[in-house]
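Engineer: As input, take input22.tsv (TSV, C-alpha atoms):
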chain	number	residue	atom	x	y	z
X	5	MET	CA	-1.22	-17.47	6.90
X	6	ALA	CA	-0.30	-15.91	10.26
X	7	ILE	CA	3.44	-15.78	9.60
X	8	GLY	CA	2.85	-14.52	6.08
X	9	GLY	CA	0.52	-11.82	7.36
X	10	MET	CA	2.98	-10.56	9.95
X	11	ILE	CA	6.29	-10.67	8.13
X	12	GLY	CA	4.90	-8.95	5.05
X	13	GLY	CA	4.22	-5.89	7.17
X	14	GLY	CA	7.30	-6.38	9.29
X	15	ILE	CA	10.98	-6.31	8.63
X	16	PHE	CA	10.82	-5.18	4.99
X	17	SER	CA	8.44	-2.31	5.75
X	18	VAL	CA	9.65	-1.08	9.12
X	19	LEU	CA	13.37	-1.88	9.48
X	20	GLY	CA	14.52	1.63	8.56
X	21	VAL	CA	11.87	3.37	10.67
X	22	THR	CA	12.66	1.23	13.73
X	23	ILE	CA	16.40	1.89	13.52
X	24	GLU	CA	15.78	5.61	13.00
X	25	LEU	CA	13.75	5.76	16.23
X	26	ALA	CA	15.69	3.35	18.46
X	27	GLY	CA	19.15	3.13	16.91
X	28	HIS	CA	21.18	0.18	18.21
X	29	LEU	CA	18.23	-0.87	20.38
X	30	ALA	CA	15.98	-1.46	17.38
X	31	PHE	CA	15.79	-5.16	18.21
X	32	ALA	CA	14.23	-4.25	21.58
X	33	CYS	CA	11.33	-2.55	19.76
X	34	PHE	CA	10.42	-5.86	18.18
X	35	LEU	CA	10.73	-7.66	21.51
X	36	LEU	CA	8.48	-5.17	23.33
X	37	ALA	CA	5.85	-5.03	20.59
X	38	GLY	CA	6.06	-8.82	20.31
X	39	VAL	CA	5.21	-9.31	23.98
X	40	ILE	CA	2.03	-7.26	23.54
X	41	ALA	CA	1.20	-9.22	20.39
X	42	LEU	CA	1.72	-12.54	22.21
X	43	ILE	CA	-0.59	-11.53	25.05
X	44	THR	CA	-3.17	-10.43	22.49
X	45	ALA	CA	-2.82	-13.75	20.65
X	46	HIS	CA	-3.62	-15.48	23.95
X	47	SER	CA	-6.75	-13.34	24.31
X	48	TYR	CA	-7.80	-14.15	20.75
X	49	ALA	CA	-7.32	-17.87	21.41
X	50	GLY	CA	-9.48	-17.75	24.53
X	51	LEU	CA	-12.26	-15.70	22.96
X	52	THR	CA	-12.34	-17.78	19.77
X	53	ARG	CA	-12.56	-21.05	21.70
X	54	ARG	CA	-15.49	-19.69	23.68
X	55	ALA	CA	-17.24	-18.43	20.53
X	56	GLY	CA	-16.67	-21.75	18.73
X	57	ARG	CA	-16.87	-20.21	15.26
X	58	SER	CA	-15.34	-17.67	12.91
X	59	GLY	CA	-15.92	-13.98	13.43
X	60	GLY	CA	-13.18	-12.22	15.39
X	61	PRO	CA	-13.99	-9.05	17.39
X	62	PHE	CA	-17.41	-8.69	15.75
X	63	THR	CA	-18.54	-12.08	17.05
X	64	TYR	CA	-16.93	-11.68	20.47
X	65	LEU	CA	-18.51	-8.29	21.17
X	66	ARG	CA	-21.97	-9.29	19.93
X	67	GLU	CA	-21.99	-12.39	22.10
X	68	ALA	CA	-20.86	-10.29	25.06
X	69	GLY	CA	-23.97	-8.12	24.60
X	70	HIS	CA	-22.40	-5.11	22.83
X	71	PRO	CA	-23.81	-5.20	19.27
X	72	GLN	CA	-23.27	-1.50	18.50
X	73	THR	CA	-19.68	-1.58	19.77
X	74	ALA	CA	-19.14	-4.73	17.70
X	75	ALA	CA	-20.38	-3.00	14.56
X	76	ILE	CA	-18.34	0.21	14.85
X	77	THR	CA	-15.23	-1.74	15.88
X	78	SER	CA	-15.58	-3.87	12.77
X	79	TRP	CA	-15.81	-0.79	10.54
X	80	PHE	CA	-12.58	0.56	12.01
X	81	LEU	CA	-10.94	-2.86	11.83
X	82	ILE	CA	-11.70	-3.10	8.12
X	83	LEU	CA	-10.07	0.32	7.72
X	84	GLY	CA	-7.04	-1.08	9.54
X	85	TYR	CA	-6.79	-3.98	7.11
X	86	VAL	CA	-7.12	-1.62	4.16
X	87	LEU	CA	-4.18	0.34	5.59
X	88	ALA	CA	-2.23	-2.88	6.07
X	89	LEU	CA	-2.81	-3.77	2.43
X	90	ALA	CA	-1.58	-0.29	1.51
X	91	VAL	CA	1.62	-0.76	3.56
X	92	TYR	CA	2.36	-4.07	1.85
X	93	ALA	CA	1.59	-2.74	-1.62
X	94	PHE	CA	3.63	0.44	-0.97
X	95	THR	CA	6.62	-1.65	0.10
X	96	PHE	CA	6.23	-4.04	-2.84
X	97	GLY	CA	6.17	-1.19	-5.33
X	98	HIS	CA	9.22	0.55	-3.88
X	99	TYR	CA	11.36	-2.59	-3.80
X	100	VAL	CA	10.48	-3.31	-7.43
X	101	ALA	CA	11.19	0.28	-8.45
X	102	GLY	CA	14.44	0.27	-6.45
X	103	VAL	CA	15.88	-2.81	-8.10
X	104	LEU	CA	14.85	-1.56	-11.55
X	105	GLY	CA	16.33	1.88	-10.89
X	106	THR	CA	13.08	3.69	-11.69
X	107	GLY	CA	11.12	6.35	-9.86
X	108	GLU	CA	7.91	6.89	-7.90
X	109	ALA	CA	5.61	6.33	-10.86
X	110	VAL	CA	6.75	2.71	-11.23
X	111	ALA	CA	6.52	2.21	-7.45
X	112	ARG	CA	2.89	3.38	-7.47
X	113	LEU	CA	2.08	1.24	-10.48
X	114	GLY	CA	3.64	-1.78	-8.79
X	115	ALA	CA	1.43	-1.24	-5.74
X	116	VAL	CA	-1.70	-1.32	-7.88
X	117	VAL	CA	-0.56	-4.31	-9.93
X	118	VAL	CA	0.22	-6.54	-6.93
X	119	LEU	CA	-3.15	-5.86	-5.32
X	120	ALA	CA	-4.91	-6.64	-8.59
X	121	ALA	CA	-2.92	-9.86	-8.99
X	122	PHE	CA	-3.83	-11.23	-5.58
X	123	TRP	CA	-7.43	-10.20	-6.00
X	124	ALA	CA	-7.42	-12.44	-9.09
X	125	ILE	CA	-5.74	-15.32	-7.20
X	126	ASN	CA	-8.23	-15.15	-4.35
X	127	THR	CA	-11.21	-15.19	-6.69
X	128	ARG	CA	-10.07	-18.65	-7.85
X	129	GLY	CA	-10.78	-20.22	-4.45
X	130	VAL	CA	-9.29	-21.33	-1.13
X	131	GLY	CA	-7.03	-23.96	-2.69
X	132	ALA	CA	-5.22	-21.51	-4.96
X	133	SER	CA	-4.83	-19.00	-2.13
X	134	SER	CA	-3.42	-21.43	0.47
X	135	LEU	CA	-1.03	-23.19	-1.90
X	136	THR	CA	0.35	-19.83	-3.01
X	137	GLU	CA	0.81	-18.81	0.63
X	138	ASP	CA	2.77	-21.95	1.58
X	139	ALA	CA	5.24	-21.52	-1.28
X	140	VAL	CA	5.72	-17.79	-0.74
X	141	VAL	CA	6.30	-18.02	3.03
X	142	ALA	CA	8.85	-20.84	2.67
X	143	ALA	CA	10.83	-18.95	0.04
X	144	LYS	CA	11.02	-15.63	1.89
X	145	LEU	CA	12.04	-17.28	5.16
X	146	ALA	CA	14.90	-19.03	3.38
X	147	VAL	CA	16.19	-15.72	2.01
X	148	LEU	CA	15.86	-13.98	5.39
X	149	ALA	CA	17.77	-16.82	7.06
X	150	LEU	CA	20.58	-16.65	4.49
X	151	ILE	CA	21.18	-12.89	4.58
X	152	ALA	CA	20.65	-12.50	8.34
X	153	GLY	CA	22.88	-15.52	8.95
X	154	ILE	CA	25.73	-13.91	7.00
X	155	GLY	CA	25.38	-10.78	9.08
X	156	LEU	CA	25.26	-12.63	12.40
X	157	PHE	CA	28.30	-14.70	11.38
X	158	THR	CA	30.30	-11.44	11.22
X	159	TRP	CA	29.07	-10.38	14.68
X	160	SER	CA	30.92	-7.46	16.26
X	161	SER	CA	29.64	-5.88	19.46
X	162	SER	CA	31.29	-2.60	18.46
X	163	ARG	CA	28.61	-2.20	15.79
X	164	LEU	CA	26.08	-1.72	18.60
X	165	THR	CA	28.20	0.48	20.85
X	166	PRO	CA	26.90	2.45	22.66
X	167	LEU	CA	23.72	0.40	22.95
X	168	ASP	CA	21.56	3.39	23.94
X	169	ASN	CA	22.85	5.74	21.23
X	170	ASN	CA	19.32	7.05	20.58
X	171	GLY	CA	18.16	6.82	24.19
X	172	TYR	CA	15.80	4.32	25.77
X	173	LEU	CA	12.69	6.38	25.01
X	174	GLY	CA	13.16	5.52	21.35
X	175	VAL	CA	12.44	1.86	22.15
X	176	PHE	CA	8.92	2.69	23.36
X	177	VAL	CA	8.27	5.07	20.46
X	178	GLY	CA	9.59	2.54	17.98
X	179	ALA	CA	7.62	-0.39	19.40
X	180	ALA	CA	4.39	1.62	19.29
X	181	SER	CA	4.98	3.13	15.86
X	182	ILE	CA	5.73	-0.16	14.09
X	183	PHE	CA	3.20	-2.33	15.92
X	184	VAL	CA	1.44	-2.94	12.60
X	185	ALA	CA	4.35	-5.31	11.90
X	186	TYR	CA	2.60	-7.81	14.19
X	187	GLU	CA	-0.77	-7.48	12.50
X	188	GLY	CA	-1.60	-10.80	10.88
X	189	PHE	CA	-1.86	-13.49	13.55
X	190	GLU	CA	-5.45	-12.51	14.38
X	191	LEU	CA	-6.51	-13.30	10.81
X	192	LEU	CA	-6.75	-16.95	11.85
X	193	SER	CA	-9.76	-16.19	14.04
X	194	TYR	CA	-11.71	-15.35	10.87
X	195	ASP	CA	-10.84	-18.74	9.37
X	196	TYR	CA	-11.94	-20.86	12.36
X	197	ASP	CA	-14.50	-22.77	10.29
X	198	ASP	CA	-11.86	-23.70	7.67
X	199	ILE	CA	-9.30	-25.02	10.20
X	200	GLU	CA	-9.05	-28.73	11.03
X	201	GLN	CA	-9.51	-29.42	14.77
X	202	PRO	CA	-9.68	-25.64	15.48
X	203	ASP	CA	-9.83	-25.86	19.28
X	204	ARG	CA	-6.45	-27.59	19.25
X	205	THR	CA	-4.86	-26.12	16.14
X	206	LEU	CA	-5.79	-22.45	16.47
X	207	PRO	CA	-4.09	-21.68	19.82
X	208	ARG	CA	-0.95	-23.52	18.73
X	209	ALA	CA	-0.88	-21.61	15.45
X	210	LEU	CA	-1.37	-18.26	17.19
X	211	TYR	CA	1.34	-18.76	19.83
X	212	SER	CA	3.93	-20.41	17.59
X	213	SER	CA	3.54	-17.89	14.78
X	214	VAL	CA	4.00	-14.86	17.05
X	215	VAL	CA	7.02	-16.38	18.82
X	216	ALA	CA	8.59	-17.36	15.50
X	217	VAL	CA	8.08	-13.88	14.05
X	218	ILE	CA	9.57	-12.19	17.14
X	219	ALA	CA	12.69	-14.32	16.71
X	220	ILE	CA	12.86	-13.59	12.98
X	221	TYR	CA	12.51	-9.83	13.46
X	222	VAL	CA	15.18	-9.68	16.16
X	223	LEU	CA	17.70	-11.84	14.29
X	224	VAL	CA	17.20	-10.08	10.96
X	225	THR	CA	17.51	-6.65	12.60
X	226	LEU	CA	20.76	-7.58	14.35
X	227	GLY	CA	22.11	-9.28	11.25
X	228	SER	CA	21.30	-6.20	9.16
X	229	GLN	CA	23.10	-3.90	11.61
X	230	MET	CA	26.19	-6.10	11.40
X	231	LEU	CA	26.30	-5.63	7.62
X	232	VAL	CA	25.16	-2.04	7.07
X	233	SER	CA	25.42	1.18	9.06
X	234	ASP	CA	22.32	2.53	10.73
X	235	GLN	CA	22.69	5.73	8.72
X	236	LEU	CA	22.46	3.90	5.39
X	237	ILE	CA	19.49	1.81	6.52
X	238	VAL	CA	17.61	4.95	7.58
X	239	ALA	CA	18.51	6.78	4.36
X	240	GLN	CA	17.06	3.90	2.30
X	241	ARG	CA	14.18	3.14	4.65
X	242	GLU	CA	11.70	2.15	1.93
X	243	ILE	CA	14.11	-0.48	0.54
X	244	ALA	CA	16.45	-0.96	3.52
X	245	PHE	CA	16.75	-4.73	3.24
X	246	ALA	CA	17.93	-4.44	-0.36
X	247	ALA	CA	20.96	-2.52	0.89
X	248	VAL	CA	21.54	-5.23	3.51
X	249	GLY	CA	21.39	-7.95	0.86
X	250	GLU	CA	23.89	-6.09	-1.29
X	251	ALA	CA	26.30	-5.81	1.64
X	252	ALA	CA	26.00	-9.56	2.23
X	253	LEU	CA	26.19	-10.93	-1.33
X	254	GLY	CA	26.83	-8.05	-3.71
X	255	THR	CA	24.48	-7.35	-6.62
X	256	PHE	CA	23.07	-10.87	-6.39
X	257	GLY	CA	22.24	-10.21	-2.73
X	258	ARG	CA	20.38	-7.02	-3.63
X	259	TRP	CA	18.24	-8.92	-6.13
X	260	LEU	CA	17.73	-11.75	-3.65
X	261	ALA	CA	16.66	-9.37	-0.87
X	262	THR	CA	14.30	-7.63	-3.26
X	263	ALA	CA	12.82	-10.99	-4.23
X	264	ALA	CA	12.28	-11.79	-0.54
X	265	ALA	CA	10.60	-8.43	0.02
X	266	VAL	CA	8.37	-8.97	-2.99
X	267	LEU	CA	7.46	-12.45	-1.71
X	268	ALA	CA	6.87	-11.17	1.84
X	269	THR	CA	4.60	-8.33	0.85
X	270	SER	CA	2.80	-10.58	-1.63
X	271	SER	CA	2.04	-13.23	0.97
X	272	ALA	CA	0.86	-10.56	3.42
X	273	ILE	CA	-1.50	-9.15	0.80
X	274	ASN	CA	-2.76	-12.66	0.08
X	275	ALA	CA	-3.36	-13.54	3.74
X	276	THR	CA	-5.01	-10.20	4.55
X	277	LEU	CA	-7.23	-10.16	1.49
X	278	PHE	CA	-8.23	-13.80	2.00
X	279	SER	CA	-9.36	-13.40	5.60
X	280	THR	CA	-10.63	-9.81	5.65
X	281	ALA	CA	-12.95	-10.39	2.71
X	282	ARG	CA	-14.58	-13.25	4.59
X	283	MET	CA	-14.91	-11.16	7.72
X	284	THR	CA	-16.51	-8.37	5.67
X	285	ARG	CA	-18.95	-10.82	4.12
X	286	ASP	CA	-19.95	-12.21	7.53
X	287	ILE	CA	-20.55	-8.74	8.96
X	288	SER	CA	-22.61	-7.80	5.91
X	289	ASP	CA	-24.67	-10.97	6.36
X	290	ALA	CA	-25.38	-9.75	9.91
X	291	HIS	CA	-26.75	-6.48	8.40
X	292	GLU	CA	-24.00	-4.32	9.91
X	293	LEU	CA	-22.43	-3.44	6.55
X	294	PRO	CA	-24.08	-2.62	3.20
X	295	ALA	CA	-25.63	-5.72	1.66
X	296	VAL	CA	-23.56	-5.36	-1.51
X	297	LEU	CA	-20.44	-6.35	0.44
X	298	GLY	CA	-21.96	-9.71	1.24
X	299	ARG	CA	-22.40	-10.71	-2.39
X	300	THR	CA	-20.59	-13.89	-3.39
X	301	ASN	CA	-19.68	-15.71	-6.57
X	302	ARG	CA	-19.24	-19.48	-6.29
X	303	GLY	CA	-19.21	-19.01	-2.53
X	304	LEU	CA	-16.35	-16.48	-2.65
X	305	PRO	CA	-16.75	-12.90	-1.30
X	306	THR	CA	-15.65	-11.32	-4.57
X	307	THR	CA	-17.30	-7.93	-4.00
X	308	ALA	CA	-15.58	-7.49	-0.62
X	309	MET	CA	-12.25	-8.53	-2.17
X	310	TRP	CA	-12.63	-5.94	-4.91
X	311	LEU	CA	-13.47	-3.15	-2.45
X	312	LEU	CA	-10.55	-4.00	-0.14
X	313	ALA	CA	-8.04	-4.18	-2.99
X	314	THR	CA	-9.26	-0.92	-4.52
X	315	ALA	CA	-9.20	0.98	-1.21
X	316	GLY	CA	-5.76	-0.43	-0.40
X	317	ALA	CA	-4.44	0.81	-3.74
X	318	ALA	CA	-5.82	4.29	-3.01
X	319	PHE	CA	-4.10	4.54	0.39
X	320	ALA	CA	-0.86	3.21	-1.13
X	321	MET	CA	-0.67	6.51	-3.00
X	322	LEU	CA	0.17	8.36	0.25
X	323	PRO	CA	3.58	10.07	0.08
X	324	GLY	CA	5.53	8.04	2.69
X	325	ILE	CA	5.72	4.81	4.66
X	326	ASN	CA	5.75	6.58	8.05
X	327	GLU	CA	2.20	7.87	7.66
X	328	LEU	CA	0.88	4.43	6.73
X	329	LEU	CA	2.70	2.69	9.59
X	330	ALA	CA	1.48	5.15	12.23
X	331	PHE	CA	-2.10	5.02	10.98
X	332	GLY	CA	-2.13	1.23	10.83
X	333	SER	CA	-0.51	0.84	14.25
X	334	ILE	CA	-3.05	3.10	15.98
X	335	THR	CA	-5.96	1.24	14.40
X	336	PHE	CA	-4.79	-2.23	15.38
X	337	LEU	CA	-3.63	-1.18	18.84
X	338	ALA	CA	-7.13	0.15	19.54
X	339	VAL	CA	-8.81	-3.07	18.41
X	340	PHE	CA	-6.31	-5.26	20.27
X	341	ALA	CA	-6.80	-3.21	23.45
X	342	LEU	CA	-10.51	-3.96	23.21
X	343	ILE	CA	-9.86	-7.68	22.61
X	344	ASN	CA	-7.60	-7.93	25.66
X	345	TYR	CA	-10.10	-6.03	27.79
X	346	LEU	CA	-12.94	-8.27	26.64
X	347	HIS	CA	-10.93	-11.39	27.41
X	348	ALA	CA	-10.13	-10.07	30.90
X	349	ARG	CA	-13.83	-9.37	31.52
X	350	SER	CA	-15.09	-12.71	30.20
X	351	THR	CA	-12.93	-15.11	32.23
X	352	ASP	CA	-13.11	-16.30	35.82
X	353	ARG	CA	-9.42	-17.16	36.05
X	354	THR	CA	-7.24	-14.63	37.85
X	355	ARG	CA	-4.21	-15.27	35.64
X	356	GLU	CA	-6.28	-14.72	32.51
X	357	ARG	CA	-7.72	-11.47	33.87
X	358	VAL	CA	-4.25	-10.20	34.72
X	359	LEU	CA	-2.85	-11.07	31.30
X	360	GLY	CA	-5.80	-9.47	29.51
X	361	SER	CA	-5.50	-6.32	31.62
X	362	ILE	CA	-1.76	-6.06	30.93
X	363	GLY	CA	-2.41	-6.45	27.21
X	364	ALA	CA	-5.15	-3.81	27.18
X	365	THR	CA	-3.03	-1.36	29.18
X	366	GLY	CA	0.00	-1.95	26.96
X	367	CYS	CA	-2.00	-1.29	23.80
X	368	ALA	CA	-3.56	1.88	25.24
X	369	ALA	CA	-0.16	3.17	26.35
X	370	ALA	CA	1.28	2.50	22.91
X	371	ILE	CA	-1.53	4.51	21.28
X	372	ALA	CA	-0.75	7.44	23.59
X	373	VAL	CA	2.94	7.24	22.65
X	374	VAL	CA	2.18	7.33	18.91
X	375	VAL	CA	-0.26	10.22	19.25
X	376	VAL	CA	2.19	12.30	21.30
X	377	GLU	CA	5.00	11.55	18.85
X	378	LEU	CA	2.87	12.57	15.87
X	379	ALA	CA	1.67	15.72	17.62
X	380	ARG	CA	5.29	16.74	18.20
X	381	HIS	CA	6.80	15.83	14.85
X	382	SER	CA	4.04	15.26	12.29
X	383	PRO	CA	0.81	17.11	13.15
X	384	THR	CA	-0.33	16.85	9.52
X	385	THR	CA	-0.25	13.06	9.70
X	386	LEU	CA	-2.14	13.15	13.00
X	387	GLY	CA	-4.76	15.37	11.37
X	388	LEU	CA	-5.06	12.95	8.45
X	389	ILE	CA	-5.57	10.03	10.82
X	390	ALA	CA	-8.19	11.93	12.82
X	391	GLY	CA	-9.99	12.93	9.62
X	392	CYS	CA	-10.13	9.35	8.28
X	393	LEU	CA	-11.37	7.95	11.59
X	394	THR	CA	-14.04	10.66	11.76
X	395	ALA	CA	-15.11	9.88	8.20
X	396	VAL	CA	-15.52	6.19	9.03
X	397	GLY	CA	-17.59	7.09	12.09
X	398	LEU	CA	-19.85	9.37	10.03
X	399	LEU	CA	-20.33	6.69	7.36
X	400	ARG	CA	-21.34	4.25	10.06
X	401	LEU	CA	-23.84	6.81	11.43
X	402	VAL	CA	-25.36	7.35	7.96
X	403	PHE	CA	-25.66	3.57	7.49
X	404	MET	CA	-27.47	3.25	10.82
X	405	LEU	CA	-29.89	6.09	10.02
X	406	GLN	CA	-30.70	4.59	6.63
X	407	GLY	CA	-31.35	1.24	8.27
X	408	GLN	CA	-33.75	2.84	10.77
X	409	GLN	CA	-35.66	4.52	7.94
X	410	ARG	CA	-36.05	1.23	6.08
X	411	SER	CA	-37.17	-0.74	9.15
X	412	PRO	CA	-40.67	-0.23	10.62
X	413	ARG	CA	-40.64	1.24	14.10
X	414	GLU	CA	-41.58	-1.05	16.92
X	415	THR	CA	-44.45	0.07	19.15
When written as structure tokens, how does the structure in this file appear?
Structural biologist:
Amino acid sequence: MAIGGMIGGGIFSVLGVTIELAGHLAFACFLLAGVIALITAHSYAGLTRRAGRSGGPFTYLREAGHPQTAAITSWFLILGYVLALAVYAFTFGHYVAGVLGTGEAVARLGAVVVLAAFWAINTRGVGASSLTEDAVVAAKLAVLALIAGIGLFTWSSSRLTPLDNNGYLGVFVGAASIFVAYEGFELLSYDYDDIEQPDRTLPRALYSSVVAVIAIYVLVTLGSQMLVSDQLIVAQREIAFAAVGEAALGTFGRWLATAAAVLATSSAINATLFSTARMTRDISDAHELPAVLGRTNRGLPTTAMWLLATAGAAFAMLPGINELLAFGSITFLAVFALINYLHARSTDRTRERVLGSIGATGCAAAIAVVVVELARHSPTTLGLIAGCLTAVGLLRLVFMLQGQQRSPRET
């Protein structure tokens, strides 16, 4: 689930954007963002072990004595997962449209269809969801290994000369802008109650999945740059890996790469929908979301699944991948900064406090980098992000006021 969640929003969605920002140093973006993700995974592991149950940030903050912060953070986190679903669906639709040689209309339709399909799969139960995830992750990793391996086999250092062709600043901008590529590992904290021997299994799953994905991103990026020029990858940013596959294996490679992208985005949608719907249900049960979102059918949070899939489809209609990536990265960086800070505050170990503080600072710095970059080059996108965040805050305020009106005042 963790690997599927990350890779679906990773190399297939952000390869072109990363190379555009960092050039030959694109691999360093994934390393830098991966370090922050690994520190955050460590914070999640520590907080989840202490909580001893599913819940994620909502549970951690409530148990730390910050119920209002827990509630508003959860509202923004759900928005982040909706945006992640939109990124995956957007990428899915464009790869399908690209291989079929059709236009934007088919890409948009594909985004809606894939979200609807995995909503249907998840309503069948945990067994159907997890078996689908295992098969999809195995298949896409095999394709990534094949195509990246062909590229790395033809290694030529001249393809990356000069290494700093876009400057070193691009590494920081790239790492911050595509951080959403590492969203996914934290989903396991919502599934604590469904994991066998969670105190032992969860930390191992968190650490190993992040390390594995860092390695995959770096190797696939380098392999892609050995096969295709940076200029072509940037020009075809929405379907960059399809061009890489074609360079490796001809027309068959293009179809194979497209199949891997479809599998990757599908598994990411599955993992995100599976875990976020359960988180939404739990928060609703705690009376911090509308009660309708806690409704279940045969024990499954079907109403939450429907809302998440529908909202994800709506955001997938945005005009470009850059807007979705920036919005998603800011949202998750903010939540992860809070998680790292909370871990640093809740431990007595000096090493743990230092790691948590480094993670929180890194996330905050990355947010600043993205905001400055958007203010310079895409103020409209920055305005859209600010407007959506404000809207979520206002909805939360209205929900609180309605709750106060329904509840008798204490004297």
Engineer: Neighbouring residues of range 235-243 of chain X were defined as those with any atom within 9 Å, considering all atoms listed in the file; residues of the same chain fewer than 5 positions away were excluded. Please report them as JSON, numbers by chain.
Structural biologist: {"X": [16, 17, 18, 19, 20, 21, 22, 23, 24, 94, 95, 98, 99, 102, 228, 229, 248, 262, 265, 324, 325]}
Engineer: Considering all atoms listed in the file, can you say which of X:Ile76, X:Ala315, X:Ala41, X:Ala55 comes closest to Gly397 in chain X?
Structural biologist: X:Ile76
Engineer: Restricting the calculation to all atoms listed in the file, which member of X:Val402, X:Leu378, X:Ile334, X:Ala348 is positioned closest to His46 in chain X?
Structural biologist: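 Answer, going by the shortest atom-to-atom distance: X:Ala348.
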Engineer: Which residues are close to Gly60 in chain X, i.e. within 7 Å by all atoms listed in the file, leaving aside same-chain residues fewer than 4 positions away? Reply as a PyMOL selection string.
Structural biologist: chain X and resi 64+193-194
Engineer: I'd like to know which of X:Phe62, X:Phe319, X:Phe34, X:Trp259 is closest to Val91 in chain X, using only C-alpha atoms.
Structural biologist: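 Smallest separation from Val91 in chain X among the options: X:Phe319.
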Engineer: From the options X:Val374, X:Leu206, X:Ala111, X:Ala247, which residue's atoms come nearest to Leu329 in chain X, counting only C-alpha atoms?
Structural biologist: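 For Leu329 in chain X, the nearest of the given residues is X:Val374.
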Engineer: Would you pick out the contacts of Val375 in chain X at 9 Å or less, using only C-alpha atoms, so that residues sharing its chain but fewer than 4 positions from it are not included, and give the list as a PDB file with C-alpha atoms, keeping the file's coordinate frame?
Structural biologist:
ATOM      1  CA  ALA X 330       1.480   5.150  12.230  1.00  0.00           C
ATOM      2  CA  ILE X 334      -3.050   3.100  15.980  1.00  0.00           C
ATOM      3  CA  ALA X 370       1.280   2.500  22.910  1.00  0.00           C
ATOM      4  CA  ILE X 371      -1.530   4.510  21.280  1.00  0.00           C
ATOM      5  CA  ALA X 379       1.670  15.720  17.620  1.00  0.00           C
ATOM      6  CA  ARG X 380       5.290  16.740  18.200  1.00  0.00           C
ATOM      7  CA  LEU X 386      -2.140  13.150  13.000  1.00  0.00           C
TER       8      LEU X 386
END
Engineer: Determine, counting all atoms listed in the file, which protein, DNA and RNA residues have an atom within 12 Å of an atom of Leu388 in chain X; residues of the same chain fewer than 2 positions away are not included. Present the result as a PyMOL selection string.
Structural biologist: chain X and resi 319+322+327-328+330-331+378-379+382-386+390-395
